[in-house]
Structures are given as C-alpha cells and as structure tokens.
>>> print(open('target-v2.csv').read())   # CSV, C-alpha atoms
chain,number,residue,atom,x,y,z
A,7,MET,CA,-5.7,5.1,31.2
A,8,MET,CA,-3.3,3.2,28.9
A,9,PHE,CA,-4.4,0.2,26.8
A,10,LYS,CA,-2.0,-2.5,25.8
A,11,LYS,CA,-1.5,-2.8,22.1
A,12,GLU,CA,-2.3,-6.3,20.9
A,13,SER,CA,0.5,-7.9,18.9
A,14,ALA,CA,0.6,-11.0,16.6
A,15,GLU,CA,3.9,-11.7,18.4
A,16,GLU,CA,2.2,-12.2,21.8
A,17,ILE,CA,1.5,-15.8,22.8
A,18,VAL,CA,-2.1,-15.9,23.8
A,19,SER,CA,-2.9,-19.6,23.2
A,20,ILE,CA,-1.1,-22.8,24.3
A,21,LEU,CA,-1.7,-26.3,23.2
A,22,GLY,CA,-0.2,-28.1,26.2
A,23,GLU,CA,1.8,-31.2,26.6
A,24,GLY,CA,-0.3,-34.4,26.4
A,25,THR,CA,-2.8,-32.8,24.0
A,26,GLU,CA,-3.1,-34.1,20.5
A,27,MET,CA,-5.0,-32.5,17.6
A,28,VAL,CA,-5.7,-33.7,14.0
A,29,THR,CA,-7.3,-30.7,12.4
A,30,ASP,CA,-7.1,-27.6,10.2
A,31,LEU,CA,-6.1,-24.9,12.6
A,32,SER,CA,-6.1,-21.1,12.1
A,33,PHE,CA,-5.4,-18.4,14.7
A,34,SER,CA,-4.8,-14.6,14.6
A,35,ARG,CA,-2.4,-14.1,17.5
A,36,GLY,CA,0.5,-16.1,18.9
A,37,LEU,CA,0.2,-19.9,19.5
A,38,ARG,CA,2.6,-22.1,21.4
A,39,VAL,CA,2.5,-25.9,20.8
A,40,ASP,CA,3.8,-28.2,23.4
A,41,GLY,CA,1.6,-31.1,22.4
A,42,VAL,CA,1.1,-32.8,19.0
A,43,VAL,CA,-0.7,-31.2,15.9
A,44,ASN,CA,-1.3,-32.9,12.6
A,45,GLY,CA,-3.1,-31.1,9.7
A,46,LYS,CA,-3.0,-27.6,8.1
A,47,ILE,CA,-2.0,-24.5,10.1
A,48,ARG,CA,-2.6,-21.0,8.9
A,49,SER,CA,-2.0,-17.7,10.7
A,50,GLU,CA,-0.7,-14.1,10.3
A,51,GLY,CA,0.7,-14.5,13.8
A,52,LEU,CA,3.6,-16.2,15.5
A,53,LEU,CA,3.8,-20.0,16.0
A,54,VAL,CA,6.2,-21.4,18.6
A,55,ILE,CA,6.8,-25.2,18.6
A,56,GLY,CA,8.1,-25.8,22.2
A,57,PRO,CA,10.8,-28.4,23.1
A,58,LYS,CA,8.2,-31.2,23.5
A,59,GLY,CA,6.0,-30.0,20.7
A,60,LYS,CA,5.6,-32.2,17.5
A,61,VAL,CA,3.9,-30.8,14.4
A,62,GLU,CA,3.2,-32.6,11.2
A,63,ALA,CA,1.6,-30.0,8.9
A,64,GLU,CA,1.3,-27.8,5.9
A,65,LEU,CA,2.2,-24.5,7.6
A,66,ASN,CA,1.3,-21.0,6.3
A,67,VAL,CA,2.3,-18.5,9.0
A,68,ARG,CA,4.1,-15.1,9.3
A,69,LYS,CA,6.8,-16.4,11.7
A,70,VAL,CA,7.7,-19.7,13.3
A,71,LEU,CA,10.2,-20.5,16.1
A,72,ILE,CA,11.0,-24.2,16.4
A,73,ASP,CA,12.4,-25.8,19.6
A,74,GLY,CA,10.7,-29.1,19.0
A,75,GLU,CA,10.0,-31.3,16.0
A,76,PHE,CA,8.4,-30.3,12.6
A,77,HIS,CA,7.5,-32.5,9.6
A,78,GLY,CA,6.0,-31.0,6.5
A,79,ILE,CA,6.1,-27.8,4.5
A,80,ILE,CA,6.7,-24.4,6.0
A,81,ARG,CA,5.6,-21.2,4.2
A,82,ALA,CA,6.6,-18.2,6.4
A,83,SER,CA,6.1,-14.7,5.1
A,84,ASP,CA,8.5,-13.2,7.7
A,85,ARG,CA,11.0,-15.8,9.0
A,86,VAL,CA,11.8,-19.3,10.3
A,87,GLU,CA,14.0,-19.8,13.3
A,88,ILE,CA,15.2,-23.3,14.1
A,89,HIS,CA,16.7,-23.1,17.6
A,90,ASN,CA,19.5,-25.4,18.8
A,91,ASP,CA,17.2,-28.2,20.0
A,92,GLY,CA,14.8,-27.9,16.9
A,93,ARG,CA,14.4,-30.5,14.3
A,94,VAL,CA,12.8,-29.8,10.9
A,95,TYR,CA,12.1,-32.5,8.2
A,96,GLY,CA,10.7,-30.9,5.1
A,97,ASP,CA,10.7,-27.9,2.8
A,98,ILE,CA,10.9,-24.3,3.8
A,99,PHE,CA,9.8,-21.2,1.8
A,100,THR,CA,10.7,-18.0,3.6
A,101,PRO,CA,12.7,-14.8,3.0
A,102,CYS,CA,14.7,-15.2,6.3
A,103,LEU,CA,16.0,-18.5,7.7
A,104,ILE,CA,17.9,-18.7,11.0
A,105,ILE,CA,19.4,-22.0,12.1
A,106,GLU,CA,21.2,-22.1,15.4
A,107,ALA,CA,24.2,-24.4,16.0
A,108,GLY,CA,23.0,-27.8,17.1
A,109,ALA,CA,19.7,-27.6,15.2
A,110,LEU,CA,18.7,-30.2,12.6
A,111,PHE,CA,17.3,-29.4,9.2
A,112,GLU,CA,16.7,-32.1,6.6
A,113,GLY,CA,15.0,-30.8,3.5
A,114,LYS,CA,15.0,-28.0,1.0
A,115,CYS,CA,14.9,-24.2,1.6
A,116,ASN,CA,13.7,-21.8,-1.1
A,117,MET,CA,14.4,-18.1,-0.3
A,118,SER,CA,14.1,-16.7,-3.8
A,119,ASP,CA,10.8,-18.0,-5.1
A,120,LEU,CA,8.5,-17.7,-2.2
A,121,LYS,CA,5.4,-19.4,-3.7
A,122,GLY,CA,2.7,-18.5,-1.3
A,123,ALA,CA,5.1,-17.3,1.4
A,124,SER,CA,4.9,-13.6,0.7
A,125,SER,CA,3.0,-11.4,-1.7
A,126,GLU,CA,5.9,-8.8,-1.6
A,127,ARG,CA,9.4,-9.5,-2.8
A,128,GLU,CA,11.9,-9.3,-0.1
A,129,THR,CA,15.7,-9.6,-0.1
A,130,PRO,CA,16.5,-13.2,1.0
A,131,GLN,CA,18.6,-13.4,4.3
A,132,LEU,CA,20.5,-16.3,5.7
A,133,LYS,CA,22.0,-16.0,9.1
A,134,ALA,CA,24.4,-18.5,10.7
A,135,VAL,CA,24.5,-18.5,14.5
A,136,MET,CA,27.5,-19.8,16.4
A,137,SER,CA,27.4,-20.8,20.0
A,138,ALA,CA,29.9,-19.3,22.5
A,139,GLY,CA,31.9,-22.6,22.4
A,140,ASP,CA,32.1,-22.6,18.6
A,141,SER,CA,33.6,-19.1,18.5
A,142,GLU,CA,36.3,-20.2,20.9
A,143,LYS,CA,37.2,-23.2,18.7
A,144,SER,CA,37.4,-21.1,15.6
A,145,ASN,CA,39.8,-18.5,17.3
A,146,PRO,CA,43.3,-19.9,17.0
A,147,ASP,CA,44.7,-17.7,19.8
>>> encode(input="target-v2.csv", output="structure tokens")
Amino acid sequence: MMFKKESAEEIVSILGEGTEMVTDLSFSRGLRVDGVVNGKIRSEGLLVIGPKGKVEAELNVRKVLIDGEFHGIIRASDRVEIHNDGRVYGDIFTPCLIIEAGALFEGKCNMSDLKGASSERETPQLKAVMSAGDSEKSNPD
C-alpha cells in the first residue's frame, strides 16, 4: 500500500469567492484565496491568490503566487510570483521574484536584506518572463 506524501505545495484549503475574513490567519499546507482577506497571514506553505482574490495583509509565507490583487508587505522565504493578471501594491522581501509580462507591481523589492524573509542567506534571483507575443516583437526577422 502506498501513501501519498503530504506537501506544503498542495492546495488543501480554499477561501471561496464571496467570502470575506478580517483576521490573523495561519496554515501549514497550501491555501488558495478567491475571496477577500484582511489581516496578518503566516505559513510555511504555499499561498495562491486567485484571479478574483483580494488580500490586504502583512504576509509571512514560504511561497506566494499572485493572480489577483495584493496590498501590504510580503515576506517570502522561497519566492514571489506575480502572474500576468496579478497586481501588487506594497513592499516585497524575497530571494526570488518572478513578474510575468502584463503584471503590475507598485512598491519596493528587497532581495539582498531579507529581514524576516529567510534565516539562511540565498543568492538573489530576478527572472523576467516574456509572453510569446513579446518575443516575436523583439525579433527583427
């Protein structure tokens, strides 16, 4: 008999559209937010802010993927990904930041002095992602 290994990457909880929470929230495994959350969020797992999700918080997580809207401070020990429909207004502290073409980021990002983001020093990484249409525009052929 094989047992499935539990992973912090696996989404096991969903805050659905039409739900609104004002709270301090902590979780150990993946959470997807399609509703509204205001407060403090803490986790060693994955947080996904869905396309209709809105979060206003002080965020301390391992990894966050943003397809919706975020206002506040993000401290991510692994990475922050702002996908093409994502909107972030605030400051980010993380060793790895990925911003897709079409995403919006207004704020400051600190990748060298990770106050509270990670106890271990990691080499900062910044990755620019181009959409298929952008690569055609930049190719003069």
>>> closest_residue(input="target-v2.csv", among="A:Ser32, A:Asn116, A:Thr100, A:Ser19", to="Ile47 in chain A", atoms="only C-alpha atoms")
A:Ser32
>>> residues_around(input="target-v2.csv", residues="Glu62 in chain A", least_positions_apart="3", cutoff="6 Å", atoms="all atoms listed in the file", output="list in words")
Asn44, Phe76, His77 and Gly78 of chain A
>>> write_last_selection(input="target-v2.csv", atoms="C-alpha atoms", output="PDB file, in the coordinates of the input")
ATOM      1  CA  ASN A  44      -1.300 -32.900  12.600  1.00  0.00           C
ATOM      2  CA  PHE A  76       8.400 -30.300  12.600  1.00  0.00           C
ATOM      3  CA  HIS A  77       7.500 -32.500   9.600  1.00  0.00           C
ATOM      4  CA  GLY A  78       6.000 -31.000   6.500  1.00  0.00           C
TER       5      GLY A  78
END
>>> closest_residue(input="target-v2.csv", among="A:Gly74, A:Lys114, A:Leu53, A:Glu64", to="Gly41 in chain A", atoms="only C-alpha atoms")
A:Gly74
>>> residues_around(input="target-v2.csv", residues="Ile80 in chain A", least_positions_apart="2", cutoff="7 Å", atoms="only C-alpha atoms", output="list of chain:residue names")
A:Glu64, A:Leu65, A:Asn66, A:Gly78, A:Ala82, A:Asp97, A:Ile98, A:Phe99
>>> write_last_selection(input="target-v2.csv", atoms="C-alpha atoms", output="CSV table (one decimal), keeping the file's coordinate frame")
chain,number,residue,atom,x,y,z
A,64,GLU,CA,1.3,-27.8,5.9
A,65,LEU,CA,2.2,-24.5,7.6
A,66,ASN,CA,1.3,-21.0,6.3
A,78,GLY,CA,6.0,-31.0,6.5
A,82,ALA,CA,6.6,-18.2,6.4
A,97,ASP,CA,10.7,-27.9,2.8
A,98,ILE,CA,10.9,-24.3,3.8
A,99,PHE,CA,9.8,-21.2,1.8
>>> closest_residue(input="target-v2.csv", among="A:Gly59, A:Arg68, A:Gly22, A:Val86", to="Arg35 in chain A", atoms="all atoms listed in the file")
A:Arg68
>>> residues_near_point(input="target-v2.csv", point="(1.5, -29.3, 15.1)", cutoff="7 Å", atoms="only C-alpha atoms", output="list in words")
Val39, Val42, Val43, Asn44, Lys60, Val61, Glu62 and Ala63 of chain A
>>> residues_near_point(input="target-v2.csv", point="(12.4, -11.7, 6.0)", cutoff="6 Å", atoms="only C-alpha atoms", output="PyMOL selection string")
chain A and resi 84-85+101-102
>>> write_last_selection(input="target-v2.csv", atoms="C-alpha atoms", output="PDB file, in the frame of the given file")
ATOM      1  CA  ASP A  84       8.500 -13.200   7.700  1.00  0.00           C
ATOM      2  CA  ARG A  85      11.000 -15.800   9.000  1.00  0.00           C
ATOM      3  CA  PRO A 101      12.700 -14.800   3.000  1.00  0.00           C
ATOM      4  CA  CYS A 102      14.700 -15.200   6.300  1.00  0.00           C
TER       5      CYS A 102
END
>>> residues_around(input="target-v2.csv", residues="Asn90 in chain A", least_positions_apart="3", cutoff="7 Å", atoms="all atoms listed in the file", output="MDAnalysis selection string")
chainID A and resid 106:109
>>> write_last_selection(input="target-v2.csv", atoms="C-alpha atoms", output="CSV table (one decimal), keeping the file's coordinate frame")
chain,number,residue,atom,x,y,z
A,106,GLU,CA,21.2,-22.1,15.4
A,107,ALA,CA,24.2,-24.4,16.0
A,108,GLY,CA,23.0,-27.8,17.1
A,109,ALA,CA,19.7,-27.6,15.2
>>> build_atoms(input="target-v2.csv", residues="range 36-62 of chain A", atoms="N, CA, C and O atoms", output="PDB file, in the frame of the given file")
ATOM      1  N   GLY A  36      -0.481 -15.095  18.647  1.00  0.00           N
ATOM      2  CA  GLY A  36       0.500 -16.100  18.900  1.00  0.00           C
ATOM      3  C   GLY A  36      -0.023 -17.411  19.512  1.00  0.00           C
ATOM      4  O   GLY A  36      -0.905 -17.397  20.362  1.00  0.00           O
ATOM      5  N   LEU A  37       0.541 -18.536  19.055  1.00  0.00           N
ATOM      6  CA  LEU A  37       0.200 -19.900  19.500  1.00  0.00           C
ATOM      7  C   LEU A  37       1.476 -20.614  19.867  1.00  0.00           C
ATOM      8  O   LEU A  37       2.425 -20.616  19.076  1.00  0.00           O
ATOM      9  N   ARG A  38       1.496 -21.270  21.022  1.00  0.00           N
ATOM     10  CA  ARG A  38       2.600 -22.100  21.400  1.00  0.00           C
ATOM     11  C   ARG A  38       2.097 -23.572  21.435  1.00  0.00           C
ATOM     12  O   ARG A  38       1.071 -23.851  22.044  1.00  0.00           O
ATOM     13  N   VAL A  39       2.837 -24.483  20.794  1.00  0.00           N
ATOM     14  CA  VAL A  39       2.500 -25.900  20.800  1.00  0.00           C
ATOM     15  C   VAL A  39       3.484 -26.700  21.552  1.00  0.00           C
ATOM     16  O   VAL A  39       4.666 -26.750  21.196  1.00  0.00           O
ATOM     17  N   ASP A  40       3.012 -27.302  22.649  1.00  0.00           N
ATOM     18  CA  ASP A  40       3.800 -28.200  23.400  1.00  0.00           C
ATOM     19  C   ASP A  40       3.299 -29.634  23.320  1.00  0.00           C
ATOM     20  O   ASP A  40       3.868 -30.559  23.881  1.00  0.00           O
ATOM     21  N   GLY A  41       2.201 -29.799  22.589  1.00  0.00           N
ATOM     22  CA  GLY A  41       1.600 -31.100  22.400  1.00  0.00           C
ATOM     23  C   GLY A  41       1.891 -31.562  20.941  1.00  0.00           C
ATOM     24  O   GLY A  41       2.961 -31.286  20.387  1.00  0.00           O
ATOM     25  N   VAL A  42       0.903 -32.244  20.328  1.00  0.00           N
ATOM     26  CA  VAL A  42       1.100 -32.800  19.000  1.00  0.00           C
ATOM     27  C   VAL A  42      -0.060 -32.231  18.094  1.00  0.00           C
ATOM     28  O   VAL A  42      -1.227 -32.242  18.479  1.00  0.00           O
ATOM     29  N   VAL A  43       0.314 -31.751  16.901  1.00  0.00           N
ATOM     30  CA  VAL A  43      -0.700 -31.200  15.900  1.00  0.00           C
ATOM     31  C   VAL A  43      -0.369 -31.860  14.576  1.00  0.00           C
ATOM     32  O   VAL A  43       0.779 -31.856  14.120  1.00  0.00           O
ATOM     33  N   ASN A  44      -1.419 -32.396  13.928  1.00  0.00           N
ATOM     34  CA  ASN A  44      -1.300 -32.900  12.600  1.00  0.00           C
ATOM     35  C   ASN A  44      -2.416 -32.216  11.746  1.00  0.00           C
ATOM     36  O   ASN A  44      -3.557 -32.134  12.189  1.00  0.00           O
ATOM     37  N   GLY A  45      -2.067 -31.723  10.563  1.00  0.00           N
ATOM     38  CA  GLY A  45      -3.100 -31.100   9.700  1.00  0.00           C
ATOM     39  C   GLY A  45      -2.497 -29.883   8.975  1.00  0.00           C
ATOM     40  O   GLY A  45      -1.321 -29.844   8.630  1.00  0.00           O
ATOM     41  N   LYS A  46      -3.351 -28.883   8.769  1.00  0.00           N
ATOM     42  CA  LYS A  46      -3.000 -27.600   8.100  1.00  0.00           C
ATOM     43  C   LYS A  46      -3.053 -26.525   9.173  1.00  0.00           C
ATOM     44  O   LYS A  46      -4.022 -26.461   9.928  1.00  0.00           O
ATOM     45  N   ILE A  47      -2.041 -25.649   9.190  1.00  0.00           N
ATOM     46  CA  ILE A  47      -2.000 -24.500  10.100  1.00  0.00           C
ATOM     47  C   ILE A  47      -1.836 -23.253   9.340  1.00  0.00           C
ATOM     48  O   ILE A  47      -0.935 -23.153   8.509  1.00  0.00           O
ATOM     49  N   ARG A  48      -2.685 -22.254   9.641  1.00  0.00           N
ATOM     50  CA  ARG A  48      -2.600 -21.000   8.900  1.00  0.00           C
ATOM     51  C   ARG A  48      -2.772 -19.838   9.933  1.00  0.00           C
ATOM     52  O   ARG A  48      -3.632 -19.876  10.806  1.00  0.00           O
ATOM     53  N   SER A  49      -1.898 -18.818   9.787  1.00  0.00           N
ATOM     54  CA  SER A  49      -2.000 -17.700  10.700  1.00  0.00           C
ATOM     55  C   SER A  49      -1.134 -16.509  10.148  1.00  0.00           C
ATOM     56  O   SER A  49      -0.146 -16.722   9.460  1.00  0.00           O
ATOM     57  N   GLU A  50      -1.535 -15.295  10.508  1.00  0.00           N
ATOM     58  CA  GLU A  50      -0.700 -14.100  10.300  1.00  0.00           C
ATOM     59  C   GLU A  50       0.082 -13.785  11.529  1.00  0.00           C
ATOM     60  O   GLU A  50       0.700 -12.746  11.622  1.00  0.00           O
ATOM     61  N   GLY A  51       0.048 -14.677  12.507  1.00  0.00           N
ATOM     62  CA  GLY A  51       0.700 -14.500  13.800  1.00  0.00           C
ATOM     63  C   GLY A  51       1.972 -15.330  13.903  1.00  0.00           C
ATOM     64  O   GLY A  51       2.505 -15.872  12.936  1.00  0.00           O
ATOM     65  N   LEU A  52       2.396 -15.487  15.153  1.00  0.00           N
ATOM     66  CA  LEU A  52       3.600 -16.200  15.500  1.00  0.00           C
ATOM     67  C   LEU A  52       3.197 -17.640  15.962  1.00  0.00           C
ATOM     68  O   LEU A  52       2.273 -17.804  16.754  1.00  0.00           O
ATOM     69  N   LEU A  53       3.923 -18.652  15.481  1.00  0.00           N
ATOM     70  CA  LEU A  53       3.800 -20.000  16.000  1.00  0.00           C
ATOM     71  C   LEU A  53       5.081 -20.413  16.627  1.00  0.00           C
ATOM     72  O   LEU A  53       6.159 -20.257  16.043  1.00  0.00           O
ATOM     73  N   VAL A  54       4.985 -20.911  17.866  1.00  0.00           N
ATOM     74  CA  VAL A  54       6.200 -21.400  18.600  1.00  0.00           C
ATOM     75  C   VAL A  54       5.926 -22.904  18.818  1.00  0.00           C
ATOM     76  O   VAL A  54       4.903 -23.302  19.378  1.00  0.00           O
ATOM     77  N   ILE A  55       6.864 -23.722  18.363  1.00  0.00           N
ATOM     78  CA  ILE A  55       6.800 -25.200  18.600  1.00  0.00           C
ATOM     79  C   ILE A  55       7.792 -25.389  19.781  1.00  0.00           C
ATOM     80  O   ILE A  55       9.010 -25.258  19.616  1.00  0.00           O
ATOM     81  N   GLY A  56       7.248 -25.674  20.968  1.00  0.00           N
ATOM     82  CA  GLY A  56       8.100 -25.800  22.200  1.00  0.00           C
ATOM     83  C   GLY A  56       8.922 -27.086  22.119  1.00  0.00           C
ATOM     84  O   GLY A  56       8.774 -27.930  21.231  1.00  0.00           O
ATOM     85  N   PRO A  57       9.830 -27.247  23.083  1.00  0.00           N
ATOM     86  CA  PRO A  57      10.800 -28.400  23.100  1.00  0.00           C
ATOM     87  C   PRO A  57      10.111 -29.743  23.022  1.00  0.00           C
ATOM     88  O   PRO A  57      10.679 -30.669  22.460  1.00  0.00           O
ATOM     89  N   LYS A  58       8.923 -29.895  23.578  1.00  0.00           N
ATOM     90  CA  LYS A  58       8.200 -31.200  23.500  1.00  0.00           C
ATOM     91  C   LYS A  58       7.138 -31.204  22.471  1.00  0.00           C
ATOM     92  O   LYS A  58       6.434 -32.195  22.324  1.00  0.00           O
ATOM     93  N   GLY A  59       7.009 -30.133  21.704  1.00  0.00           N
ATOM     94  CA  GLY A  59       6.000 -30.000  20.700  1.00  0.00           C
ATOM     95  C   GLY A  59       6.394 -30.829  19.420  1.00  0.00           C
ATOM     96  O   GLY A  59       7.569 -30.899  19.054  1.00  0.00           O
ATOM     97  N   LYS A  60       5.382 -31.447  18.786  1.00  0.00           N
ATOM     98  CA  LYS A  60       5.600 -32.200  17.500  1.00  0.00           C
ATOM     99  C   LYS A  60       4.477 -31.737  16.583  1.00  0.00           C
ATOM    100  O   LYS A  60       3.296 -31.875  16.898  1.00  0.00           O
ATOM    101  N   VAL A  61       4.865 -31.240  15.418  1.00  0.00           N
ATOM    102  CA  VAL A  61       3.900 -30.800  14.400  1.00  0.00           C
ATOM    103  C   VAL A  61       4.188 -31.438  13.110  1.00  0.00           C
ATOM    104  O   VAL A  61       5.326 -31.433  12.637  1.00  0.00           O
ATOM    105  N   GLU A  62       3.146 -32.027  12.520  1.00  0.00           N
ATOM    106  CA  GLU A  62       3.200 -32.600  11.200  1.00  0.00           C
ATOM    107  C   GLU A  62       2.142 -31.845  10.389  1.00  0.00           C
ATOM    108  O   GLU A  62       0.951 -32.079  10.619  1.00  0.00           O
TER     109      GLU A  62
END
